Each structure stands twice: as structure tokens, then as C-alpha cells.
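Asks: Structure file model_21.cif (mmCIF, C-alpha atoms) is given on the next line.
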data_data
loop_
_atom_site.label_atom_id
_atom_site.label_comp_id
_atom_site.auth_asym_id
_atom_site.auth_seq_id
_atom_site.Cartn_x
_atom_site.Cartn_y
_atom_site.Cartn_z
CA MET X 24 0.00 0.00 0.00
CA SER X 25 1.40 3.38 -0.98
CA ASN X 26 0.44 6.65 0.62
CA ALA X 27 -0.31 10.03 -0.88
CA THR X 28 -0.95 12.94 1.45
CA PRO X 29 -3.31 15.52 -0.05
CA GLY X 30 -1.58 18.79 -0.78
CA THR X 31 1.93 17.44 -0.33
CA GLY X 32 2.16 15.21 -3.38
CA PRO X 33 2.66 11.49 -3.53
CA LEU X 34 5.32 9.78 -1.48
CA ALA X 35 7.19 7.27 -3.65
CA ALA X 36 10.74 6.55 -4.71
CA HIS X 37 10.43 5.86 -8.45
CA PRO X 38 9.43 8.75 -10.76
CA LEU X 39 6.84 6.57 -12.52
CA THR X 40 5.23 5.60 -9.21
CA ARG X 41 5.15 9.27 -8.19
CA ALA X 42 3.49 10.20 -11.51
CA VAL X 43 0.85 7.46 -11.13
CA LEU X 44 0.06 8.54 -7.57
CA GLU X 45 -0.09 12.19 -8.64
CA ILE X 46 -2.60 11.32 -11.36
CA ASP X 47 -4.59 9.15 -8.94
CA GLU X 48 -4.70 12.01 -6.42
CA TYR X 49 -5.85 14.41 -9.17
CA ALA X 50 -8.59 11.98 -10.28
CA ALA X 51 -9.67 11.43 -6.66
CA GLY X 52 -10.08 15.18 -6.30
CA LEU X 53 -12.55 15.17 -9.21
CA GLY X 54 -14.73 12.55 -7.51
CA TRP X 55 -16.24 9.41 -8.94
CA ASP X 56 -18.28 8.76 -12.07
CA GLN X 57 -15.73 10.53 -14.27
CA PRO X 58 -14.78 9.72 -17.85
CA ALA X 59 -11.46 8.07 -18.65
CA ARG X 60 -8.55 10.51 -18.79
CA LEU X 61 -5.37 10.17 -20.82
CA PHE X 62 -2.04 11.76 -19.86
CA ALA X 63 1.27 12.23 -21.63
CA LEU X 64 4.25 11.80 -19.32
CA VAL X 65 7.18 14.08 -20.09
CA ASP X 66 10.60 14.46 -18.53
CA THR X 67 10.30 17.51 -16.27
CA ALA X 68 13.86 18.76 -16.86
CA ARG X 69 13.45 18.42 -20.63
CA LEU X 70 10.11 20.23 -20.47
CA ARG X 71 11.71 23.14 -18.57
CA THR X 72 14.48 23.40 -21.16
CA GLU X 73 12.50 22.90 -24.38
CA GLU X 74 9.14 24.44 -23.43
CA PRO X 75 9.78 27.03 -20.70
CA GLY X 76 6.42 28.76 -21.33
CA LEU X 77 4.48 25.53 -20.86
CA ALA X 78 6.61 24.62 -17.84
CA ALA X 79 5.79 28.00 -16.29
CA GLN X 80 2.08 27.52 -17.04
CA LEU X 81 2.25 24.15 -15.26
CA GLY X 82 4.09 25.71 -12.30
CA LEU X 83 7.34 23.92 -13.12
CA ASP X 84 9.50 26.96 -13.75
CA GLU X 85 11.04 26.86 -10.30
CA ASP X 86 14.03 24.72 -9.38
CA GLY X 87 13.62 22.08 -6.73
CA GLU X 88 11.92 19.27 -8.64
CA GLU X 89 13.82 16.02 -8.60
CA ILE X 90 16.08 15.60 -11.62
CA ALA X 91 14.43 12.35 -12.68
CA SER X 92 10.80 13.44 -12.40
CA LEU X 93 7.92 13.03 -14.83
CA THR X 94 5.23 15.61 -15.44
CA PRO X 95 1.76 14.30 -16.37
CA ILE X 96 -0.03 16.45 -18.96
CA GLU X 97 -3.72 15.68 -19.41
CA GLN X 98 -4.73 15.25 -23.03
CA ASP X 99 -7.95 16.34 -24.72
CA GLU X 100 -11.12 14.60 -23.61
CA MET X 101 -11.39 11.08 -24.92
CA PRO X 102 -14.24 10.33 -27.32
CA SER X 103 -17.29 8.94 -25.53
CA GLY X 104 -18.78 5.73 -26.79
CA ALA X 105 -15.61 4.54 -28.51
CA PRO X 106 -14.21 1.28 -27.11
CA LEU X 107 -11.07 2.07 -25.12
CA ASP X 108 -8.89 -0.47 -26.95
CA GLU X 109 -9.91 0.94 -30.35
CA PHE X 110 -9.20 4.50 -29.22
CA LEU X 111 -5.78 3.59 -27.82
CA ALA X 112 -4.90 1.87 -31.10
CA THR X 113 -5.18 5.26 -32.86
CA ILE X 114 -2.59 7.02 -30.66
CA ALA X 115 0.99 7.75 -31.70
CA TRP X 116 3.10 9.87 -29.35
CA PRO X 117 5.78 12.35 -30.40
CA ASP X 118 9.38 11.67 -29.31
CA ALA X 119 9.16 14.27 -26.52
CA VAL X 120 6.65 12.06 -24.69
CA THR X 121 8.47 9.69 -22.33
CA GLY X 122 5.41 7.70 -21.32
CA CYS X 123 1.66 7.82 -20.97
CA ALA X 124 -0.97 7.09 -18.36
CA LEU X 125 -4.68 6.45 -18.28
CA THR X 126 -7.13 6.64 -15.44
CA VAL X 127 -10.42 4.81 -15.85
CA GLU X 128 -13.22 3.60 -13.59
CA ARG X 129 -14.58 0.07 -13.86
CA GLN X 130 -16.66 -2.42 -11.94
CA MET X 131 -14.97 -5.61 -10.91
CA LEU X 132 -15.85 -8.85 -9.23
CA PRO X 133 -13.79 -10.89 -6.78
CA PRO X 134 -12.13 -13.99 -8.25
CA SER X 135 -14.67 -16.15 -6.39
CA ALA X 136 -17.43 -14.81 -8.69
CA GLU X 137 -15.70 -15.79 -11.95
CA GLY X 138 -17.19 -19.29 -11.94
CA ALA X 139 -20.72 -17.88 -11.74
CA VAL X 140 -20.51 -15.78 -14.93
CA PRO X 141 -23.19 -17.05 -17.33
CA GLU X 142 -21.84 -18.28 -20.66
CA GLY X 143 -22.70 -16.67 -23.97
CA LEU X 144 -23.25 -13.10 -22.75
CA ASP X 145 -22.41 -10.28 -25.14
CA ASP X 146 -20.50 -7.25 -23.80
CA ALA X 147 -23.64 -5.31 -22.86
CA ALA X 148 -25.26 -8.27 -21.09
CA LEU X 149 -22.03 -9.07 -19.25
CA ALA X 150 -21.69 -5.44 -18.10
CA LYS X 151 -25.27 -5.52 -16.80
CA TRP X 152 -24.69 -8.85 -15.04
CA VAL X 153 -21.57 -7.44 -13.31
CA ALA X 154 -23.38 -4.19 -12.40
CA ASP X 155 -26.18 -6.19 -10.77
CA HIS X 156 -23.88 -8.60 -8.90
CA PRO X 157 -23.99 -8.07 -5.11
CA ASP X 158 -20.19 -8.52 -4.72
CA ARG X 159 -19.17 -6.01 -7.39
CA GLN X 160 -16.85 -3.18 -6.46
CA GLU X 161 -16.12 0.05 -8.26
CA VAL X 162 -12.45 0.69 -8.84
CA ARG X 163 -10.42 3.51 -10.34
CA MET X 164 -7.37 2.25 -12.16
CA THR X 165 -4.48 4.50 -13.06
CA VAL X 166 -2.00 2.74 -15.31
CA ALA X 167 1.21 4.20 -16.74
CA VAL X 168 3.94 2.94 -19.06
CA LEU X 169 7.21 4.37 -20.25
CA ARG X 170 8.86 3.95 -23.65
CA ASP X 171 11.55 1.82 -22.00
CA GLY X 172 8.92 -0.73 -20.88
CA ALA X 173 8.57 0.33 -17.23
CA ARG X 174 5.02 0.01 -15.89
CA GLU X 175 3.13 1.11 -12.79
CA SER X 176 -0.48 1.03 -11.64
CA ALA X 177 -2.57 2.38 -8.79
CA LEU X 178 -5.95 0.97 -7.78
CA ARG X 179 -8.47 2.73 -5.58
CA LEU X 180 -11.74 1.15 -4.45
CA ARG X 181 -14.73 3.46 -4.26
CA GLU X 182 -15.84 2.02 -0.95
CA LYS X 183 -12.51 3.05 0.58
CA GLY X 184 -12.99 6.77 1.06
CA SER X 185 -9.50 7.41 2.40
CA PRO X 186 -7.03 9.22 0.14
CA THR X 187 -4.23 6.99 1.42
CA GLU X 188 -5.80 3.62 0.60
CA VAL X 189 -4.28 3.09 -2.81
CA VAL X 190 -2.66 -0.15 -3.94
CA THR X 191 0.27 0.18 -6.34
CA GLY X 192 2.17 -2.35 -8.41
CA ALA X 193 3.61 -2.86 -11.88
CA GLY X 194 1.45 -5.87 -12.78
CA LEU X 195 -1.98 -4.97 -11.42
CA VAL X 196 -3.66 -4.24 -14.78
CA PRO X 197 -1.53 -6.02 -17.40
CA GLY X 198 -4.02 -5.81 -20.29
CA LEU X 199 -4.39 -2.05 -20.00
CA ALA X 200 -0.62 -1.63 -19.57
CA ASP X 201 -0.10 -3.66 -22.77
CA ALA X 202 -2.56 -1.45 -24.65
CA LEU X 203 -0.81 1.70 -23.43
CA ALA X 204 2.63 0.26 -24.30
CA ALA X 205 1.37 -0.43 -27.83
CA THR X 206 0.89 3.32 -28.32
CA PHE X 207 4.71 3.55 -28.40
CA ALA X 208 5.21 0.68 -30.86
CA THR X 209 7.07 1.70 -33.96
CA THR X 210 5.73 0.79 -37.37
CA ASP X 211 8.99 0.62 -39.32
#
Could I get this structure in the form of C-alpha cells?
Replies:
Amino acid sequence: MSNATPGTGPLAAHPLTRAVLEIDEYAAGLGWDQPARLFALVDTARLRTEEPGLAAQLGLDEDGEEIASLTPIEQDEMPSGAPLDEFLATIAWPDAVTGCALTVERQMLPPSAEGAVPEGLDDAALAKWVADHPDRQEVRMTVAVLRDGARESALRLREKGSPTEVVTGAGLVPGLADALAATFATTD
């Protein structure tokens, strides 16, 4: 379990973990029932050097940030109604983007409920079945990847109202991490 104290920024050693916790804290501040949000992750020192105006606008024009930090920059609103995997397949990042992150809310079931899923349900019927299941939980997932393959995730359950009850780990949401990593694939 990793902790983030509101107003002081996330407490974590690795820059990618700090970025994920920062995004999770930002999303938590917006409340629940929010659309998915996509972020570019850029090297803070490079941003200050190459885009000083943008760095100033983001409040990064002062010294004191760690040398190896990442700055999340929220992208335009994602299209509603488009399947997430199809949308992510359309993204290509410029070289200045070191990584990317996505925060999305979903409903999940405990592993014990997997055996009870009726066979033959289409996506809409399955979503309704999960939504009606008494053991379902709402979760906000923040997943980030870097060009070099590094991954990090943060999970927050809606029923846990505390800002410090966030679980982090590189392999928590592997399918979403794979989809984000594919946005950096080269098509030579």
C-alpha cells in the first residue's frame, strides 16, 4: 500500500510511481463517475528546457523538482462511446513524450465470482450482469507505461474513502498496460 498525502504530493521513490500517484490524487479530487482521462508523461527537466512557457504555465518553472521526475499532462477529452482499446490503437506519441498514463473507472468482481458468470453473454449483457452482482466493487485504475517498458499502476476502491488507501504495483492491470505500451510501438 502506498500513501499520498493531499496537498503534499505522492510519497514514492520511483518517478513513474510518483506520476501514477499524482494522477490518482488528481482523479480522486474530481470525484467518482468521471470519464477516462489520458495523460502524456514528459521528462520535467526536458520540459523546462525545451518548453519554458508551458513549464511556467504548469508551475514547473522553479528549481527544486527532482532531476528524474515526470510531469503528467492531461490530453484532450477522450471520445465517448468509442471502445477504449480501439481508441488507444489510434494514438501515436511524439518523441518528446516519455510515457503515458490512463485513469479509468470500472466495476470488478472478486475472483470467487468468476465461476458464476453465465456463458454466452455479449458485452452489454455481461456489463449488466456485473453491475447487478452483489459482490461487485467500483475501482479507479491509473496505469502508466514508459517507452523503456517500465510500468506502474494504482488501484483505488470506491468504498474506501480514504485518500491513502491506494494499492500500487507494476502488474496490477496487465491488459491495459499492454494497450498503453502499444501506443509507443514503432511501425517501421
Asks: Suppose a student applies the PyMOL selection byres ((chain X and resi 39) around 12) to this structure; what residues should they get, written as a VMD selection string?
Replies: chain X and resid 33 to 38 40 to 46 64 to 66 91 to 95 121 to 124 165 to 177 191 to 193
Asks: Save out the residues we just selected, C-alpha atoms, as a compact mmCIF listing (two decimals), in the coordinates of the input.
Replies:
# COMPACT_ATOMS: atom_id res chain seq x y z
CA PRO X 33 2.66 11.49 -3.53
CA LEU X 34 5.32 9.78 -1.48
CA ALA X 35 7.19 7.27 -3.65
CA ALA X 36 10.74 6.55 -4.71
CA HIS X 37 10.43 5.86 -8.45
CA PRO X 38 9.43 8.75 -10.76
CA THR X 40 5.23 5.60 -9.21
CA ARG X 41 5.15 9.27 -8.19
CA ALA X 42 3.49 10.20 -11.51
CA VAL X 43 0.85 7.46 -11.13
CA LEU X 44 0.06 8.54 -7.57
CA GLU X 45 -0.09 12.19 -8.64
CA ILE X 46 -2.60 11.32 -11.36
CA LEU X 64 4.25 11.80 -19.32
CA VAL X 65 7.18 14.08 -20.09
CA ASP X 66 10.60 14.46 -18.53
CA ALA X 91 14.43 12.35 -12.68
CA SER X 92 10.80 13.44 -12.40
CA LEU X 93 7.92 13.03 -14.83
CA THR X 94 5.23 15.61 -15.44
CA PRO X 95 1.76 14.30 -16.37
CA THR X 121 8.47 9.69 -22.33
CA GLY X 122 5.41 7.70 -21.32
CA CYS X 123 1.66 7.82 -20.97
CA ALA X 124 -0.97 7.09 -18.36
CA THR X 165 -4.48 4.50 -13.06
CA VAL X 166 -2.00 2.74 -15.31
CA ALA X 167 1.21 4.20 -16.74
CA VAL X 168 3.94 2.94 -19.06
CA LEU X 169 7.21 4.37 -20.25
CA ARG X 170 8.86 3.95 -23.65
CA ASP X 171 11.55 1.82 -22.00
CA GLY X 172 8.92 -0.73 -20.88
CA ALA X 173 8.57 0.33 -17.23
CA ARG X 174 5.02 0.01 -15.89
CA GLU X 175 3.13 1.11 -12.79
CA SER X 176 -0.48 1.03 -11.64
CA ALA X 177 -2.57 2.38 -8.79
CA THR X 191 0.27 0.18 -6.34
CA GLY X 192 2.17 -2.35 -8.41
CA ALA X 193 3.61 -2.86 -11.88
Asks: With distances taken over only C-alpha atoms, which residue among X:Trp116, X:Asp47, X:Ala68, X:Pro58 lies nearest Ala208 of chain X?
Replies: X:Trp116
Asks: Closest to Met131 of chain X among X:Leu61, X:Val153, X:Ala147, X:Ala115, using all atoms listed in the file?
Replies: X:Val153
Asks: Between atom CA of Leu107 of chain X and atom CA of Ala205 of chain X, what is the spacing in Å?
Replies: 13.0 Å
Asks: Provide the atom CA of Leu178 of chain X to atom CA of Pro134 of chain X distance in Å, to one decimal place.
Replies: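 Between atom CA of Leu178 of chain X and atom CA of Pro134 of chain X the gap is 16.2 Å.
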Asks: Just give me the gap between atom CA of Glu182 of chain X and atom CA of Thr126 of chain X in Å, one decimal is fine.
Replies: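 Atom CA of Glu182 of chain X sits 17.5 Å away from atom CA of Thr126 of chain X.
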Asks: Would you pick out the contacts of Ala150 of chain X at 12 Å or less, using all atoms listed in the file, so that residues sharing its chain but fewer than 2 positions from it are not included, and give the list as number ranges by chain?
Replies: X: 129-132, 140-141, 144-148, 152-156, 159
Asks: Please write the residues picked by the PyMOL selection byres ((chain X and resi 102) around 12) on this file as a list in words.
Replies: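 Answer for the PyMOL selection byres ((chain X and resi 102) around 12): Pro58, Ala59, Arg60, Leu61, Gln98, Asp99, Glu100, Met101, Ser103, Gly104, Ala105, Pro106, Leu107, Glu109, Phe110, Leu111 and Thr113 of chain X.
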Asks: Evaluate the PyMOL selection byres ((chain X and resi 163) around 6) on the structure here and hand back the selected residues as a VMD selection string.
Replies: chain X and resid 127 to 128 162 164 178 to 179
